[in-house]
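The file input14.pdb contains PDB, C-alpha atoms:
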```pdb
ATOM      1  CA  MET A   1      53.509  36.254  45.382
ATOM      2  CA  GLU A   2      55.275  33.327  43.734
ATOM      3  CA  LYS A   3      58.633  32.192  45.035
ATOM      4  CA  SER A   4      61.723  32.442  42.871
ATOM      5  CA  TRP A   5      63.467  29.298  41.658
ATOM      6  CA  LYS A   6      66.262  29.966  44.152
ATOM      7  CA  ASP A   7      63.818  30.082  47.085
ATOM      8  CA  ILE A   8      62.117  26.894  45.931
ATOM      9  CA  ALA A   9      65.429  25.101  45.422
ATOM     10  CA  GLU A  10      66.557  26.100  48.908
ATOM     11  CA  SER A  11      63.280  24.863  50.433
ATOM     12  CA  VAL A  12      63.553  21.544  48.619
ATOM     13  CA  LYS A  13      67.204  21.187  49.622
ATOM     14  CA  ARG A  14      66.348  21.771  53.289
ATOM     15  CA  GLY A  15      63.374  19.402  53.110
ATOM     16  CA  LYS A  16      61.029  22.265  53.912
ATOM     17  CA  ALA A  17      58.967  22.332  50.725
ATOM     18  CA  THR A  18      55.482  22.403  52.192
ATOM     19  CA  GLN A  19      53.466  23.226  49.122
ATOM     20  CA  SER A  20      53.360  21.773  45.676
ATOM     21  CA  LEU A  21      55.814  23.081  43.128
ATOM     22  CA  PRO A  22      54.579  25.449  40.414
ATOM     23  CA  THR A  23      54.036  24.248  36.854
ATOM     24  CA  SER A  24      57.529  24.523  35.391
ATOM     25  CA  ILE A  25      58.722  24.939  31.828
ATOM     26  CA  ASN A  26      59.736  21.263  31.911
ATOM     27  CA  ASP A  27      56.190  20.341  32.953
ATOM     28  CA  VAL A  28      54.935  22.287  29.921
ATOM     29  CA  ARG A  29      57.480  20.521  27.696
ATOM     30  CA  ASP A  30      56.338  17.116  29.028
ATOM     31  CA  LYS A  31      52.754  18.077  28.310
ATOM     32  CA  TYR A  32      53.735  18.986  24.726
ATOM     33  CA  PHE A  33      55.629  15.720  24.152
ATOM     34  CA  ASN A  34      52.704  13.757  25.595
ATOM     35  CA  GLY A  35      50.537  15.148  22.804
ATOM     36  CA  GLU A  36      48.509  17.425  25.049
ATOM     37  CA  SER A  37      47.551  20.775  23.634
ATOM     38  CA  LEU A  38      49.228  23.869  25.041
ATOM     39  CA  ASN A  39      47.568  27.210  25.544
ATOM     40  CA  GLU A  40      48.992  30.409  24.087
ATOM     41  CA  LYS A  41      50.900  31.354  27.256
ATOM     42  CA  GLU A  42      52.492  27.910  27.530
ATOM     43  CA  LEU A  43      53.617  27.991  23.889
ATOM     44  CA  LYS A  44      55.015  31.498  24.277
ATOM     45  CA  ALA A  45      56.877  30.618  27.482
ATOM     46  CA  LEU A  46      58.334  27.464  25.919
ATOM     47  CA  SER A  47      59.519  29.365  22.855
ATOM     48  CA  ARG A  48      61.041  32.169  24.932
ATOM     49  CA  PHE A  49      62.813  29.709  27.232
ATOM     50  CA  ASP A  50      64.303  27.771  24.312
ATOM     51  CA  ASN A  51      65.543  30.935  22.592
ATOM     52  CA  TYR A  52      66.913  32.333  25.839
ATOM     53  CA  ARG A  53      68.632  29.029  26.704
ATOM     54  CA  ILE A  54      70.493  28.957  23.385
ATOM     55  CA  TRP A  55      71.492  32.622  23.636
ATOM     56  CA  TYR A  56      72.549  32.355  27.305
ATOM     57  CA  LEU A  57      74.659  29.226  26.806
ATOM     58  CA  ASN A  58      76.252  30.497  23.597
ATOM     59  CA  SER A  59      77.286  33.739  25.317
ATOM     60  CA  ALA A  60      79.253  31.904  28.035
ATOM     61  CA  GLN A  61      82.930  32.827  28.173
ATOM     62  CA  GLY A  62      84.546  29.433  28.621
ATOM     63  CA  GLU A  63      83.713  25.916  29.673
ATOM     64  CA  TRP A  64      83.351  26.613  33.407
ATOM     65  CA  GLU A  65      80.868  29.443  32.825
ATOM     66  CA  PHE A  66      78.971  27.305  30.328
ATOM     67  CA  HIS A  67      78.524  24.525  32.911
ATOM     68  CA  GLN A  68      77.461  27.007  35.600
ATOM     69  CA  ARG A  69      74.861  28.479  33.273
ATOM     70  CA  TYR A  70      73.700  25.027  32.192
ATOM     71  CA  GLU A  71      73.065  24.007  35.804
ATOM     72  CA  GLU A  72      71.292  27.307  36.494
ATOM     73  CA  LEU A  73      69.006  26.761  33.501
ATOM     74  CA  GLN A  74      68.258  23.194  34.618
ATOM     75  CA  ALA A  75      67.170  24.494  38.019
ATOM     76  CA  LYS A  76      65.050  27.246  36.476
ATOM     77  CA  ALA A  77      63.448  24.826  34.018
ATOM     78  CA  ASN A  78      62.508  22.439  36.830
ATOM     79  CA  LEU A  79      61.603  24.847  39.634
ATOM     80  CA  SER A  80      60.485  28.186  38.195
ATOM     81  CA  PRO A  81      56.874  28.746  37.230
ATOM     82  CA  PHE A  82      56.630  28.633  33.438
ATOM     83  CA  SER A  83      54.986  32.059  33.625
ATOM     84  CA  ASP A  84      58.379  33.552  34.595
ATOM     85  CA  PHE A  85      59.425  33.021  30.983
ATOM     86  CA  LEU A  86      56.639  35.303  29.762
ATOM     87  CA  SER A  87      58.668  38.212  31.145
ATOM     88  CA  GLU A  88      60.191  40.691  28.697
ATOM     89  CA  LYS A  89      63.626  39.610  29.992
ATOM     90  CA  TYR A  90      63.257  36.406  27.987
ATOM     91  CA  ASP A  91      61.893  38.057  24.830
ATOM     92  CA  LEU A  92      65.007  37.986  22.660
ATOM     93  CA  PRO A  93      65.096  39.018  19.011
ATOM     94  CA  THR A  94      64.982  36.021  16.700
ATOM     95  CA  GLN A  95      68.198  35.408  14.824
TER      96      GLN A  95
END
```
Re-express the file's structure as structure tokens.
Amino acid sequence: MEKSWKDIAESVKRGKATQSLPTSINDVRDKYFNGESLNEKELKALSRFDNYRIWYLNSAQGEWEFHQRYEELQAKANLSPFSDFLSEKYDLPTQ
């Protein structure tokens, strides 16, 4: 079972991260910008994350909430396995 981004962040914060971090959405993005080819799952996860990020930030009710959500998304993008973004939760209708 993979750890959630919150569990990983807490382990890193406490200096108790004993295993390597999962491949994150930011790792996939770096791979893309480095000209490396992405597989179908990586492309789908990247697309879903980008669409979700825009929707989630735009739905914030005020500046404070926007900043809280922005920081949350930064943590998820750096610490969550990219495969989390293949979940139906992140499959938003295109606008």
Check: Can you list, as a PyMOL selection string, the residues that the PyMOL selection byres ((chain A and resi 33-46) around 9) selects here?
Finding: chain A and resi 25-26+28-32+47-51+82-87+90
Suppose we keep C-alpha atoms; can you now write the selection as a PDB file, keeping the file's coordinate frame?
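Output saved as again_24.pdb:
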```pdb
ATOM      1  CA  ILE A  25      58.722  24.939  31.828  1.00  0.00           C
ATOM      2  CA  ASN A  26      59.736  21.263  31.911  1.00  0.00           C
ATOM      3  CA  VAL A  28      54.935  22.287  29.921  1.00  0.00           C
ATOM      4  CA  ARG A  29      57.480  20.521  27.696  1.00  0.00           C
ATOM      5  CA  ASP A  30      56.338  17.116  29.028  1.00  0.00           C
ATOM      6  CA  LYS A  31      52.754  18.077  28.310  1.00  0.00           C
ATOM      7  CA  TYR A  32      53.735  18.986  24.726  1.00  0.00           C
ATOM      8  CA  SER A  47      59.519  29.365  22.855  1.00  0.00           C
ATOM      9  CA  ARG A  48      61.041  32.169  24.932  1.00  0.00           C
ATOM     10  CA  PHE A  49      62.813  29.709  27.232  1.00  0.00           C
ATOM     11  CA  ASP A  50      64.303  27.771  24.312  1.00  0.00           C
ATOM     12  CA  ASN A  51      65.543  30.935  22.592  1.00  0.00           C
ATOM     13  CA  PHE A  82      56.630  28.633  33.438  1.00  0.00           C
ATOM     14  CA  SER A  83      54.986  32.059  33.625  1.00  0.00           C
ATOM     15  CA  ASP A  84      58.379  33.552  34.595  1.00  0.00           C
ATOM     16  CA  PHE A  85      59.425  33.021  30.983  1.00  0.00           C
ATOM     17  CA  LEU A  86      56.639  35.303  29.762  1.00  0.00           C
ATOM     18  CA  SER A  87      58.668  38.212  31.145  1.00  0.00           C
ATOM     19  CA  TYR A  90      63.257  36.406  27.987  1.00  0.00           C
TER      20      TYR A  90
END
```
Checklist line | atom CA of A:Leu57 to atom CA of A:Arg69, distance in Å rounded to a single decimal | finding: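 Spanning atom CA of A:Leu57 to atom CA of A:Arg69 is a straight-line distance of 6.5 Å.
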Notebook entry, point to check: At what distance in Å, to one decimal, does atom CA of A:Ser80 lie from atom CA of A:Pro22?
Noted result: 6.9 Å
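We find atom CA of A:Pro81 and atom CA of A:Ser24 to be spaced 4.7 Å apart.
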Note to self: Here is a test: counting only C-alpha atoms, which residue of A:Gly62, A:Arg53, A:Ser20, A:Glu88 is nearest to A:Gln74?
What the structure shows: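 Between A:Gly62, A:Arg53, A:Ser20, A:Glu88, the residue approaching A:Gln74 most closely is A:Arg53.
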Note to self: Measuring between only C-alpha atoms, which one of A:Leu92, A:Asp27, A:Leu21, A:Tyr56 shows the shortest distance to A:Glu72?
What the structure shows: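 Once distances to A:Glu72 are computed over only C-alpha atoms, the minimum belongs to A:Tyr56.
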